[in-house]
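What follows is a short report on a single structure.
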Amino acid sequence: MFKKVERVVCVGAGYVGGPTCAMIAHKCPGITVTVVDMNAAKIDEWNSDKLPIFEHGLDEIVFAARGKNLFFSSDIPKAIREADLIFISVNTPTKTYGRGKGMAPDLKYVESVARTIAQYAGGPKIVVEKSTVPVKAAESIGCILRDAQKNCPELKFQVLSNPEFLAEGTAMRDLANPDRVLIGGESSPEGALAVEALVTVYENWVPRERIITTNTWSSELSKLVANAFLAQRISSINAISAVCEATGADVSEVAHAVGCDTRIGNKFLKASVGFGGSCFQKDVLSLVYLCESLNLQKVADYWHGVIEINDWQRRRFADKIIAELFNTVTDKKIAVFGFAFKKDTGDTRESSAIHVSKHLMEEHARLAIYDPKVPKSQVLYELGLQTSPADVEKLVTVYNDPYEAAKDAHAIVVLTEWDEFTTFDFSRIHASMRHPAAIFDGRLILDQKALREIGFRTFAIGSAPDQAYNLFGTSGY
Ligand code: UDX
Ligand code: UDX
Ligand code: ADP
């Protein structure tokens with residue numbers, strides 16, 4: 001009943017849907033890919049010379065395939081009618097209201113797409129959930145679709161789970177060369193056929209042994225668990241960073257020594273001011289909520305610790321800045337270098353920079369923010385949500401030039417690990433600042449020794465402060 005996949009549609013033209021479909025179109029010239037979104041302005045951007053998201057290598061692929069086998073459209077019903085396979089790739093933010101508020105993912109967008117598919121399908125479709133969803137979401141989608149089937153016998157649906165593991169900033173590389181592709185489906189013969197149809201799409205460029213097929217729930221849960229494990233590694237090393245600061249160990253040396261154990265591995269052990277991004281916090285909270293719903297409170301508490309450490313790390317870093325600036329930042333200009341949640345992206349969702357900035361604003365610091373990719377309007381918008389537009393107006397200035405941002409500042413605070421920060425002329429910057437001038441490196445990218453030689457007071461996450469560590473000193477050890 002499911003023929004070879006020739007027409008793919010993706011509902012949701014965001015960070016996941018856009019790049020994923022561009023890669024499918026690029027690697028599968030025989031497949032026509034249409035990306036639709038209810039946000040017509042976003043579709044216009046995808047059809048323009050300036051794409052709505054920035055990823056290395058994305059422009060080239062989109063510009064080459066667009067109009068040939070890759071299309072961006074607002075006509076959702078038509079696209080659904082014509083599709084063999086439909087990806088659901090809409091946002092699933094943490095709920096801000098009602099049951100599960102602050103914990104559970106909001107599934108209203110996913111459900112609304114399921115209803116739209118039921119309404120316009122007109123024939124057999126493979127429906128693939130790509131958005132990160134709680135375990136058993138495929139069942140809800142299936143339930144809505146099966147209900148439509150009752151009145152319309154020619155409708156046939158199979159729901160698959162195919163979570164995306166791409167990371168922002170390296171999306172095209174991750175998509176072109178994934179560690180694995182995960183596809184979950186029903187174990188019925190029809191389910192197996194649908195799984196095989198999607199496997200065939202990926203086989204155009206992914207070796208078969210890297211395509212894992214599982215039951216639907218394993219696939220859904222694996223996505224949450226993968227992100228929870230990655231976030232947990234960062235919270236683990238960040239927890240250790242506090243121990244290092246208090247004892248004179250150096251967190252980078254510890255991470256290196258620990259990561260050399262092949263059973264542990266060296267990735268995702270970089271101490272930082274805390275993880276951000278649209279996925280980690282949301283997915284860990286979703287896992288916590290799932291465990292609570294299953295009455296597994298111990299498990300819920302265990303994973304909630306990952307979030308608690310992350311919040312604490314941000315707060316701790318802001319407190320350190322205030323303490324080192326003689327316990328007051330009121331009316332002091334502080335240059336913030338980096339606002340994106342990590343380098344090579346303009347995305348600010350859940351960025352630690354937002355939280356550290358907020359803590360400093362609560363102490364009435366005047367922030368001079370520079371980020372090479374994040375637009376001014378976005379910085380102001382994010383901070384406005386956390387504080388108030390009046391405070392933002394009074395306390396925040398966004399600069400296009402890092403040297404201007406640092407001029408007359410008492411301190412520089414590095415919150416994103418942009419490579420260009422390491423190339424700045426810090427002697428020039430130091431000369432233009434108020435003295436004593438301080439640098440707080442929340443990303444461990446700057447050469448502390450070189451900065452100290454210039455005359456900066458320096459503080460970096462996970463190493464003992466400026467002065468040589470003294471076992472009998474005041475560290476409290
Ligand atoms: C451990 C460390 O591996 C070793 O590097 C250190 O020097 C001493 O402590 P050991 O206690 O001998 O070595 O055994 P290990 O193989 O690490 O197993 C420890 C326990 O964890 C065992 O009970 C083992 O059954 C259990 N385990 C290990 C699991 O339950 N699951 C796993 O995936 C691995
Ligand atoms: C993550 C997962 O990596 C990806 O597989 C999933 O599909 C989506 O969520 P992403 O959020 O884009 O991707 O970025 P990632 O590179 O994982 O970084 C997340 C956050 O952790 C960033 O704020 C980053 O700076 C921080 N981080 C990462 C650290 O603080 N230390 C590290 O060692 C690694
Ligand atoms: P992600 O990071 O998961 O890709 P984004 O927020 O970047 O999330 O993108 C999700 C996209 O899904 C948005 O562009 C949004 O407009 C779109 N979307 C949400 N609900 C629907 C819907 N019911 N129909 C079509 N598009 C939708």
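We name chains A, B, ... following the order of the structure tokens; residues begin at 1 in each chain, and ligands are numbered from 1 as shown.
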
Under the rule of at most 9 Å, produce a per-residue listing of chain A near ligand 2: chain, number, name, the closest pair of atoms, and the distance in Å, as JSON lines, using only C-alpha atoms and all ligand atoms.
```
{"residue": "A:Val16", "atom": "CA", "partner": "ligand 2", "partner_atom_place_in_ligand_line": "7 (O)", "distance": 8.6}
{"residue": "A:Thr132", "atom": "CA", "partner": "ligand 2", "partner_atom_place_in_ligand_line": "7 (O)", "distance": 8.7}
{"residue": "A:Pro163", "atom": "CA", "partner": "ligand 2", "partner_atom_place_in_ligand_line": "7 (O)", "distance": 8.0}
{"residue": "A:Glu164", "atom": "CA", "partner": "ligand 2", "partner_atom_place_in_ligand_line": "7 (O)", "distance": 5.5}
{"residue": "A:Phe165", "atom": "CA", "partner": "ligand 2", "partner_atom_place_in_ligand_line": "7 (O)", "distance": 3.3}
{"residue": "A:Leu166", "atom": "CA", "partner": "ligand 2", "partner_atom_place_in_ligand_line": "7 (O)", "distance": 4.3}
{"residue": "A:Ala167", "atom": "CA", "partner": "ligand 2", "partner_atom_place_in_ligand_line": "12 (O)", "distance": 3.4}
{"residue": "A:Glu168", "atom": "CA", "partner": "ligand 2", "partner_atom_place_in_ligand_line": "12 (O)", "distance": 3.7}
{"residue": "A:Gly169", "atom": "CA", "partner": "ligand 2", "partner_atom_place_in_ligand_line": "12 (O)", "distance": 6.8}
{"residue": "A:Thr170", "atom": "CA", "partner": "ligand 2", "partner_atom_place_in_ligand_line": "12 (O)", "distance": 8.0}
{"residue": "A:Ala171", "atom": "CA", "partner": "ligand 2", "partner_atom_place_in_ligand_line": "12 (O)", "distance": 8.0}
{"residue": "A:Asp174", "atom": "CA", "partner": "ligand 2", "partner_atom_place_in_ligand_line": "5 (O)", "distance": 8.8}
{"residue": "A:Lys223", "atom": "CA", "partner": "ligand 2", "partner_atom_place_in_ligand_line": "7 (O)", "distance": 8.0}
{"residue": "A:Ala226", "atom": "CA", "partner": "ligand 2", "partner_atom_place_in_ligand_line": "5 (O)", "distance": 7.4}
{"residue": "A:Asn227", "atom": "CA", "partner": "ligand 2", "partner_atom_place_in_ligand_line": "2 (C)", "distance": 6.0}
{"residue": "A:Leu230", "atom": "CA", "partner": "ligand 2", "partner_atom_place_in_ligand_line": "3 (O)", "distance": 7.0}
{"residue": "A:Ala231", "atom": "CA", "partner": "ligand 2", "partner_atom_place_in_ligand_line": "21 (O)", "distance": 6.9}
{"residue": "A:Arg233", "atom": "CA", "partner": "ligand 2", "partner_atom_place_in_ligand_line": "33 (O)", "distance": 7.7}
{"residue": "A:Ile234", "atom": "CA", "partner": "ligand 2", "partner_atom_place_in_ligand_line": "31 (N)", "distance": 5.3}
{"residue": "A:Ser235", "atom": "CA", "partner": "ligand 2", "partner_atom_place_in_ligand_line": "30 (O)", "distance": 8.3}
{"residue": "A:Ile237", "atom": "CA", "partner": "ligand 2", "partner_atom_place_in_ligand_line": "33 (O)", "distance": 8.4}
{"residue": "A:Asn238", "atom": "CA", "partner": "ligand 2", "partner_atom_place_in_ligand_line": "30 (O)", "distance": 8.3}
{"residue": "A:Asn266", "atom": "CA", "partner": "ligand 2", "partner_atom_place_in_ligand_line": "33 (O)", "distance": 8.8}
{"residue": "A:Lys267", "atom": "CA", "partner": "ligand 2", "partner_atom_place_in_ligand_line": "33 (O)", "distance": 6.2}
{"residue": "A:Phe268", "atom": "CA", "partner": "ligand 2", "partner_atom_place_in_ligand_line": "33 (O)", "distance": 3.2}
{"residue": "A:Leu269", "atom": "CA", "partner": "ligand 2", "partner_atom_place_in_ligand_line": "33 (O)", "distance": 4.2}
{"residue": "A:Lys270", "atom": "CA", "partner": "ligand 2", "partner_atom_place_in_ligand_line": "33 (O)", "distance": 3.5}
{"residue": "A:Ala271", "atom": "CA", "partner": "ligand 2", "partner_atom_place_in_ligand_line": "31 (N)", "distance": 5.5}
{"residue": "A:Ser272", "atom": "CA", "partner": "ligand 2", "partner_atom_place_in_ligand_line": "30 (O)", "distance": 4.6}
{"residue": "A:Val273", "atom": "CA", "partner": "ligand 2", "partner_atom_place_in_ligand_line": "30 (O)", "distance": 6.8}
{"residue": "A:Gly274", "atom": "CA", "partner": "ligand 2", "partner_atom_place_in_ligand_line": "30 (O)", "distance": 5.4}
{"residue": "A:Phe275", "atom": "CA", "partner": "ligand 2", "partner_atom_place_in_ligand_line": "23 (O)", "distance": 3.8}
{"residue": "A:Gly276", "atom": "CA", "partner": "ligand 2", "partner_atom_place_in_ligand_line": "23 (O)", "distance": 3.7}
{"residue": "A:Gly277", "atom": "CA", "partner": "ligand 2", "partner_atom_place_in_ligand_line": "11 (O)", "distance": 4.4}
{"residue": "A:Ser278", "atom": "CA", "partner": "ligand 2", "partner_atom_place_in_ligand_line": "11 (O)", "distance": 5.9}
{"residue": "A:Cys279", "atom": "CA", "partner": "ligand 2", "partner_atom_place_in_ligand_line": "9 (O)", "distance": 4.6}
{"residue": "A:Phe280", "atom": "CA", "partner": "ligand 2", "partner_atom_place_in_ligand_line": "9 (O)", "distance": 5.7}
{"residue": "A:Asp283", "atom": "CA", "partner": "ligand 2", "partner_atom_place_in_ligand_line": "9 (O)", "distance": 8.8}
{"residue": "A:Ala340", "atom": "CA", "partner": "ligand 2", "partner_atom_place_in_ligand_line": "23 (O)", "distance": 8.2}
{"residue": "A:Phe341", "atom": "CA", "partner": "ligand 2", "partner_atom_place_in_ligand_line": "23 (O)", "distance": 4.6}
{"residue": "A:Lys342", "atom": "CA", "partner": "ligand 2", "partner_atom_place_in_ligand_line": "25 (O)", "distance": 4.3}
{"residue": "A:Lys343", "atom": "CA", "partner": "ligand 2", "partner_atom_place_in_ligand_line": "25 (O)", "distance": 7.3}
{"residue": "A:Thr345", "atom": "CA", "partner": "ligand 2", "partner_atom_place_in_ligand_line": "12 (O)", "distance": 8.8}
{"residue": "A:Glu350", "atom": "CA", "partner": "ligand 2", "partner_atom_place_in_ligand_line": "23 (O)", "distance": 8.2}
{"residue": "A:Ser351", "atom": "CA", "partner": "ligand 2", "partner_atom_place_in_ligand_line": "23 (O)", "distance": 6.4}
{"residue": "A:Ser352", "atom": "CA", "partner": "ligand 2", "partner_atom_place_in_ligand_line": "23 (O)", "distance": 7.1}
{"residue": "A:Thr416", "atom": "CA", "partner": "ligand 2", "partner_atom_place_in_ligand_line": "25 (O)", "distance": 7.1}
{"residue": "A:Glu417", "atom": "CA", "partner": "ligand 2", "partner_atom_place_in_ligand_line": "25 (O)", "distance": 7.4}
{"residue": "A:Arg443", "atom": "CA", "partner": "ligand 2", "partner_atom_place_in_ligand_line": "30 (O)", "distance": 7.7}
```

message: Around ligand 3, out to 8 Å and counting only C-alpha atoms and all ligand atoms, which residues are there? I want them as a count of residues only.
response: 27

- request: May I have the residues within 9 Å of Asn69 (chain A) as a list in words, using only C-alpha atoms and disregarding those fewer than 6 positions away in the same chain?
  value: Ala25, His26, Cys28, Pro29, Gly30, Ile31, Thr32, Val33 and Thr34 of chain A

field: Neighbourhood of ligand 1 at 12 Å, counting only C-alpha atoms and all ligand atoms, reported as JSON, numbers by chain
entry: {"A": [258, 260, 261, 262, 263, 264]}

task: Enter the distance from CA of Leu85 (chain A) to CA of Asn151 (chain A), in Å, rounded to one decimal.
output: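 A separation of 21.3 Å between them.
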
- prompt: What's the 9 Å shell around Lys407 (chain A), counting only C-alpha atoms, without same-chain residues fewer than 6 positions away, as a PyMOL selection string?
  reply: chain A and resi 333+335+429-434

Selected residue of minimal separation from Leu325 (chain A) among A:Asp49, A:Glu55, A:Glu139, A:Glu363, counting only C-alpha atoms: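 The shortest atom-to-atom distance to Leu325 (chain A) comes from A:Glu363.
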
Every residue of region 274-466 of chain A that DSSP places in alpha helix (DSSP H), as a short mmCIF file (atom, residue, chain, number, x, y, z; two decimals) with N, CA and C atoms, in the first residue's frame:
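Written out: out-v6.cif:
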```cif
data_model
loop_
_atom_site.label_atom_id
_atom_site.label_comp_id
_atom_site.auth_asym_id
_atom_site.auth_seq_id
_atom_site.Cartn_x
_atom_site.Cartn_y
_atom_site.Cartn_z
N PHE A 280 18.23 20.93 25.16
CA PHE A 280 18.66 20.22 26.36
C PHE A 280 17.70 20.41 27.53
N GLN A 281 17.45 21.67 27.88
CA GLN A 281 16.58 21.90 29.03
C GLN A 281 15.19 21.32 28.79
N LYS A 282 14.67 21.58 27.60
CA LYS A 282 13.32 21.11 27.27
C LYS A 282 13.22 19.59 27.37
N ASP A 283 14.23 18.90 26.82
CA ASP A 283 14.15 17.44 26.79
C ASP A 283 14.40 16.82 28.17
N VAL A 284 15.31 17.42 28.94
CA VAL A 284 15.52 16.88 30.28
C VAL A 284 14.23 17.07 31.10
N LEU A 285 13.62 18.24 30.98
CA LEU A 285 12.38 18.48 31.73
C LEU A 285 11.27 17.55 31.25
N SER A 286 11.26 17.27 29.97
CA SER A 286 10.26 16.35 29.44
C SER A 286 10.47 14.95 30.03
N LEU A 287 11.73 14.56 30.16
CA LEU A 287 12.04 13.26 30.76
C LEU A 287 11.63 13.24 32.24
N VAL A 288 11.90 14.34 32.93
CA VAL A 288 11.53 14.44 34.34
C VAL A 288 10.00 14.32 34.47
N TYR A 289 9.30 15.00 33.60
CA TYR A 289 7.83 14.98 33.65
C TYR A 289 7.31 13.57 33.37
N LEU A 290 7.93 12.93 32.40
CA LEU A 290 7.54 11.55 32.08
C LEU A 290 7.72 10.66 33.31
N CYS A 291 8.89 10.78 33.96
CA CYS A 291 9.16 9.93 35.13
C CYS A 291 8.16 10.22 36.26
N GLU A 292 7.86 11.50 36.44
CA GLU A 292 6.87 11.83 37.48
C GLU A 292 5.52 11.23 37.15
N SER A 293 5.14 11.31 35.87
CA SER A 293 3.84 10.74 35.48
C SER A 293 3.83 9.24 35.70
N GLN A 297 9.64 8.83 41.03
CA GLN A 297 10.12 10.11 41.57
C GLN A 297 11.64 10.14 41.72
N LYS A 298 12.25 9.02 42.11
CA LYS A 298 13.72 8.98 42.27
C LYS A 298 14.40 9.28 40.94
N VAL A 299 13.87 8.69 39.88
CA VAL A 299 14.47 8.91 38.55
C VAL A 299 14.26 10.36 38.15
N ALA A 300 13.07 10.88 38.41
CA ALA A 300 12.77 12.28 38.07
C ALA A 300 13.75 13.20 38.80
N ASP A 301 13.96 12.94 40.09
CA ASP A 301 14.85 13.80 40.89
C ASP A 301 16.28 13.74 40.35
N TYR A 302 16.71 12.53 39.98
CA TYR A 302 18.07 12.35 39.46
C TYR A 302 18.27 13.26 38.25
N TRP A 303 17.36 13.21 37.30
CA TRP A 303 17.54 14.01 36.08
C TRP A 303 17.31 15.49 36.33
N HIS A 304 16.44 15.80 37.29
CA HIS A 304 16.21 17.22 37.57
C HIS A 304 17.47 17.90 38.08
N GLY A 305 18.33 17.10 38.72
CA GLY A 305 19.61 17.62 39.20
C GLY A 305 20.44 18.24 38.08
N VAL A 306 20.29 17.71 36.88
CA VAL A 306 21.05 18.24 35.73
C VAL A 306 20.66 19.70 35.47
N ILE A 307 19.38 19.97 35.58
CA ILE A 307 18.88 21.35 35.35
C ILE A 307 19.28 22.24 36.53
N GLU A 308 19.18 21.69 37.73
CA GLU A 308 19.52 22.51 38.91
C GLU A 308 20.98 22.97 38.86
N ILE A 309 21.87 22.05 38.48
CA ILE A 309 23.29 22.42 38.38
C ILE A 309 23.47 23.48 37.30
N ASN A 310 22.74 23.35 36.21
CA ASN A 310 22.89 24.33 35.11
C ASN A 310 22.46 25.72 35.56
N ASP A 311 21.33 25.79 36.24
CA ASP A 311 20.85 27.09 36.75
C ASP A 311 21.86 27.67 37.74
N TRP A 312 22.36 26.78 38.59
CA TRP A 312 23.29 27.19 39.63
C TRP A 312 24.59 27.72 39.02
N GLN A 313 25.05 27.05 37.96
CA GLN A 313 26.30 27.46 37.32
C GLN A 313 26.18 28.89 36.75
N ARG A 314 25.04 29.19 36.15
CA ARG A 314 24.82 30.54 35.60
C ARG A 314 24.83 31.58 36.72
N ARG A 315 24.11 31.26 37.77
CA ARG A 315 23.98 32.17 38.91
C ARG A 315 25.34 32.38 39.58
N ARG A 316 26.06 31.26 39.72
CA ARG A 316 27.37 31.25 40.36
C ARG A 316 28.32 32.16 39.60
N PHE A 317 28.26 32.08 38.28
CA PHE A 317 29.16 32.88 37.43
C PHE A 317 28.82 34.37 37.59
N ALA A 318 27.53 34.68 37.57
CA ALA A 318 27.12 36.09 37.74
C ALA A 318 27.55 36.59 39.12
N ASP A 319 27.36 35.76 40.13
CA ASP A 319 27.76 36.15 41.50
C ASP A 319 29.26 36.40 41.58
N LYS A 320 30.03 35.57 40.87
CA LYS A 320 31.48 35.72 40.86
C LYS A 320 31.86 37.08 40.27
N ILE A 321 31.20 37.45 39.18
CA ILE A 321 31.48 38.74 38.54
C ILE A 321 31.22 39.87 39.54
N ILE A 322 30.07 39.79 40.18
CA ILE A 322 29.71 40.86 41.13
C ILE A 322 30.72 40.92 42.27
N ALA A 323 31.07 39.73 42.81
CA ALA A 323 32.01 39.70 43.94
C ALA A 323 33.36 40.28 43.54
N GLU A 324 33.84 39.89 42.36
CA GLU A 324 35.17 40.34 41.94
C GLU A 324 35.19 41.83 41.58
N SER A 352 22.67 30.80 27.92
CA SER A 352 23.10 31.17 29.27
C SER A 352 23.35 32.67 29.36
N ALA A 353 23.68 33.29 28.21
CA ALA A 353 23.94 34.74 28.20
C ALA A 353 22.71 35.51 28.70
N ILE A 354 21.54 35.01 28.37
CA ILE A 354 20.31 35.69 28.80
C ILE A 354 20.25 35.70 30.33
N HIS A 355 20.55 34.56 30.92
CA HIS A 355 20.40 34.43 32.37
C HIS A 355 21.48 35.21 33.12
N VAL A 356 22.72 35.13 32.63
CA VAL A 356 23.79 35.88 33.30
C VAL A 356 23.49 37.38 33.16
N SER A 357 23.06 37.79 31.98
CA SER A 357 22.73 39.22 31.78
C SER A 357 21.62 39.64 32.74
N LYS A 358 20.63 38.79 32.86
CA LYS A 358 19.51 39.12 33.76
C LYS A 358 20.00 39.32 35.19
N HIS A 359 20.85 38.39 35.67
CA HIS A 359 21.36 38.52 37.04
C HIS A 359 22.12 39.84 37.20
N LEU A 360 22.90 40.19 36.18
CA LEU A 360 23.68 41.44 36.28
C LEU A 360 22.77 42.66 36.21
N MET A 361 21.73 42.56 35.41
CA MET A 361 20.78 43.69 35.31
C MET A 361 20.03 43.89 36.63
N GLU A 362 19.77 42.78 37.31
CA GLU A 362 19.09 42.91 38.62
C GLU A 362 19.94 43.72 39.59
N LYS A 376 20.53 42.86 16.94
CA LYS A 376 20.21 43.71 18.09
C LYS A 376 18.78 43.49 18.60
N SER A 377 17.84 43.43 17.65
CA SER A 377 16.43 43.31 18.05
C SER A 377 16.21 42.04 18.87
N GLN A 378 16.95 40.98 18.50
CA GLN A 378 16.76 39.70 19.21
C GLN A 378 17.32 39.77 20.63
N VAL A 379 18.46 40.44 20.80
CA VAL A 379 19.04 40.60 22.14
C VAL A 379 18.03 41.34 23.02
N LEU A 380 17.51 42.45 22.49
CA LEU A 380 16.59 43.27 23.27
C LEU A 380 15.31 42.52 23.59
N TYR A 381 14.84 41.74 22.62
CA TYR A 381 13.61 40.98 22.80
C TYR A 381 13.79 39.94 23.92
N GLU A 382 14.87 39.17 23.83
CA GLU A 382 15.12 38.11 24.82
C GLU A 382 15.23 38.70 26.23
N LEU A 383 15.99 39.79 26.35
CA LEU A 383 16.17 40.37 27.69
C LEU A 383 14.89 41.02 28.19
N GLY A 384 14.11 41.55 27.27
CA GLY A 384 12.82 42.15 27.63
C GLY A 384 11.89 41.11 28.24
N LEU A 385 11.95 39.88 27.71
CA LEU A 385 11.10 38.81 28.25
C LEU A 385 11.51 38.46 29.68
N GLN A 386 12.81 38.53 29.96
CA GLN A 386 13.31 38.10 31.26
C GLN A 386 13.23 39.20 32.30
N PRO A 389 10.91 45.70 29.51
CA PRO A 389 11.38 46.57 28.43
C PRO A 389 11.98 47.86 28.98
N ALA A 390 11.45 48.36 30.10
CA ALA A 390 11.99 49.61 30.66
C ALA A 390 13.42 49.39 31.16
N ASP A 391 13.67 48.27 31.83
CA ASP A 391 15.03 47.96 32.30
C ASP A 391 15.99 47.80 31.12
N VAL A 392 15.49 47.11 30.08
CA VAL A 392 16.34 46.89 28.90
C VAL A 392 16.72 48.24 28.30
N GLU A 393 15.74 49.09 28.17
CA GLU A 393 15.96 50.44 27.61
C GLU A 393 17.03 51.18 28.42
N LYS A 394 16.94 51.05 29.73
CA LYS A 394 17.81 51.80 30.63
C LYS A 394 19.23 51.19 30.71
N LEU A 395 19.30 49.85 30.67
CA LEU A 395 20.56 49.20 31.05
C LEU A 395 21.32 48.51 29.91
N PRO A 402 33.18 45.17 18.93
CA PRO A 402 33.57 44.74 20.28
C PRO A 402 34.44 45.78 20.99
N TYR A 403 35.23 46.52 20.19
CA TYR A 403 36.14 47.50 20.82
C TYR A 403 35.33 48.64 21.43
N GLU A 404 34.25 49.00 20.74
CA GLU A 404 33.36 50.05 21.29
C GLU A 404 32.64 49.51 22.53
N ALA A 405 32.24 48.25 22.46
CA ALA A 405 31.53 47.66 23.61
C ALA A 405 32.41 47.67 24.85
N ALA A 406 33.72 47.44 24.66
CA ALA A 406 34.62 47.32 25.81
C ALA A 406 35.10 48.68 26.33
N PHE A 426 43.74 42.50 22.69
CA PHE A 426 43.36 42.76 24.08
C PHE A 426 44.20 43.86 24.74
N SER A 427 45.36 44.13 24.17
CA SER A 427 46.14 45.26 24.71
C SER A 427 45.37 46.56 24.43
N ARG A 428 44.91 46.66 23.19
CA ARG A 428 44.13 47.85 22.82
C ARG A 428 42.86 47.94 23.67
N ILE A 429 42.21 46.80 23.83
CA ILE A 429 40.97 46.79 24.62
C ILE A 429 41.26 47.21 26.06
N HIS A 430 42.34 46.67 26.63
CA HIS A 430 42.70 46.97 28.02
C HIS A 430 42.93 48.47 28.20
N ALA A 431 43.61 49.05 27.22
CA ALA A 431 43.95 50.48 27.31
C ALA A 431 42.69 51.36 27.32
N SER A 432 41.61 50.85 26.70
CA SER A 432 40.40 51.68 26.58
C SER A 432 39.42 51.47 27.74
N GLN A 448 44.56 33.04 29.59
CA GLN A 448 44.54 33.79 30.86
C GLN A 448 45.89 34.43 31.17
N LYS A 449 46.96 33.66 30.88
CA LYS A 449 48.30 34.14 31.24
C LYS A 449 48.62 35.39 30.42
N ALA A 450 48.33 35.32 29.12
CA ALA A 450 48.62 36.47 28.25
C ALA A 450 47.81 37.69 28.71
N LEU A 451 46.57 37.45 29.11
CA LEU A 451 45.72 38.56 29.55
C LEU A 451 46.27 39.18 30.83
N ARG A 452 46.74 38.32 31.72
CA ARG A 452 47.29 38.84 32.99
C ARG A 452 48.55 39.66 32.72
N GLU A 453 49.33 39.21 31.73
CA GLU A 453 50.55 39.97 31.39
C GLU A 453 50.20 41.36 30.85
N ILE A 454 49.07 41.44 30.16
CA ILE A 454 48.63 42.76 29.66
C ILE A 454 48.21 43.65 30.83
#
```

task: Would you list, as an NGL selection string, the residues of region 134-271 of chain A that end up in strand (DSSP E) under DSSP run on this structure's backbone?
output: :A and (157-161 or 181-185 or 211-215)

Would you mind listing what lies within 10 Å of Pro124 (chain A) as a compact mmCIF listing (two decimals) with N, CA and C atoms, in the first residue's frame, with only C-alpha atoms counted and same-chain residues fewer than 2 positions away left out?
```txt
# COMPACT_ATOMS: atom_id res chain seq x y z
N MET A 1 0.81 -1.22 0.00
CA MET A 1 0.00 0.00 0.00
C MET A 1 0.85 1.27 0.00
N PHE A 2 2.08 1.22 0.60
CA PHE A 2 2.94 2.40 0.55
C PHE A 2 3.92 2.24 -0.60
N LYS A 3 3.74 3.07 -1.62
CA LYS A 3 4.64 2.95 -2.78
C LYS A 3 5.98 3.60 -2.43
N ARG A 81 -1.73 16.66 0.33
CA ARG A 81 -2.45 15.79 -0.62
C ARG A 81 -1.47 15.04 -1.52
N ALA A 83 1.72 14.32 -1.04
CA ALA A 83 2.88 13.67 -0.43
C ALA A 83 2.72 12.16 -0.29
N ASP A 84 3.83 11.44 -0.36
CA ASP A 84 3.85 10.02 0.04
C ASP A 84 4.24 9.94 1.52
N LEU A 85 5.12 10.83 1.90
CA LEU A 85 5.66 10.78 3.27
C LEU A 85 5.69 12.20 3.83
N ALA A 121 -5.35 14.57 3.66
CA ALA A 121 -4.54 13.49 3.10
C ALA A 121 -5.14 12.91 1.81
N GLY A 122 -6.36 12.40 1.90
CA GLY A 122 -7.03 11.86 0.71
C GLY A 122 -6.52 10.50 0.26
N ILE A 126 2.65 8.02 4.88
CA ILE A 126 3.53 7.70 6.01
C ILE A 126 3.78 9.01 6.74
N VAL A 127 3.45 9.03 8.02
CA VAL A 127 3.60 10.26 8.81
C VAL A 127 4.76 10.06 9.78
N GLN A 149 -9.65 7.81 9.35
CA GLN A 149 -9.74 6.63 8.49
C GLN A 149 -11.13 6.00 8.51
N PRO A 153 -12.33 5.20 3.76
CA PRO A 153 -11.58 3.95 3.68
C PRO A 153 -10.28 4.06 2.87
N GLU A 154 -10.21 5.01 1.92
CA GLU A 154 -8.97 5.08 1.12
C GLU A 154 -7.79 5.67 1.90
N LEU A 155 -8.10 6.24 3.09
CA LEU A 155 -7.01 6.77 3.92
C LEU A 155 -6.29 5.62 4.61
N LYS A 156 -4.98 5.61 4.57
CA LYS A 156 -4.18 4.63 5.32
C LYS A 156 -3.00 5.40 5.89
N PHE A 157 -2.75 5.19 7.17
CA PHE A 157 -1.63 5.91 7.78
C PHE A 157 -0.72 4.95 8.52
N GLN A 158 0.55 5.25 8.49
CA GLN A 158 1.50 4.62 9.40
C GLN A 158 2.29 5.74 10.04
```

task: Return the single residue from A:Ala65, A:Cys244, A:Ala137, A:Val5 that is closest to Lys125 (chain A), with distances computed using only C-alpha atoms.
output: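 With only C-alpha atoms as the atom set, the closest residue is A:Val5.
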
- prompt: Quick one, how far is CA of Gly123 (chain A) from CA of Leu193 (chain A)?
  reply: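 These two atoms are separated by 16.3 Å.
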
Residue neighbourhood region 178-182 of chain A, 12 Å, only C-alpha atoms, exclusion window fewer than 3 positions, as a PyMOL selection string: chain A and resi 20+23+128-130+160-167+170-175+185+195+198-203+205-223+226

statement: Ala460 (chain A) proximity check over A:Leu446, A:Ala118, A:Ile334, A:Val254, using only C-alpha atoms: winner is A:Leu446

message: Please list as a list in words every residue within 6 Å of Ser463 (chain A), counting only C-alpha atoms and excluding residues in the same chain fewer than 2 positions away.
response: Cys244, Glu245, Asp250 and Ile461 of chain A

Kindly export the residues of the current selection with N, CA, C and O atoms, as a compact mmCIF listing (two decimals), in the first residue's frame.
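Below is the file result35.txt, written as the result:
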```
# COMPACT_ATOMS: atom_id res chain seq x y z
N CYS A 244 37.05 22.60 41.35
CA CYS A 244 38.38 23.05 40.87
C CYS A 244 38.67 24.47 41.35
O CYS A 244 39.77 24.75 41.83
N GLU A 245 37.70 25.35 41.20
CA GLU A 245 37.91 26.75 41.61
C GLU A 245 38.28 26.83 43.10
O GLU A 245 39.05 27.68 43.52
N ASP A 250 42.56 22.27 37.88
CA ASP A 250 42.13 22.99 36.68
C ASP A 250 41.15 22.11 35.92
O ASP A 250 41.49 20.98 35.54
N ILE A 461 36.14 29.99 34.42
CA ILE A 461 35.40 28.88 35.02
C ILE A 461 36.35 27.71 35.27
O ILE A 461 37.11 27.33 34.38
```
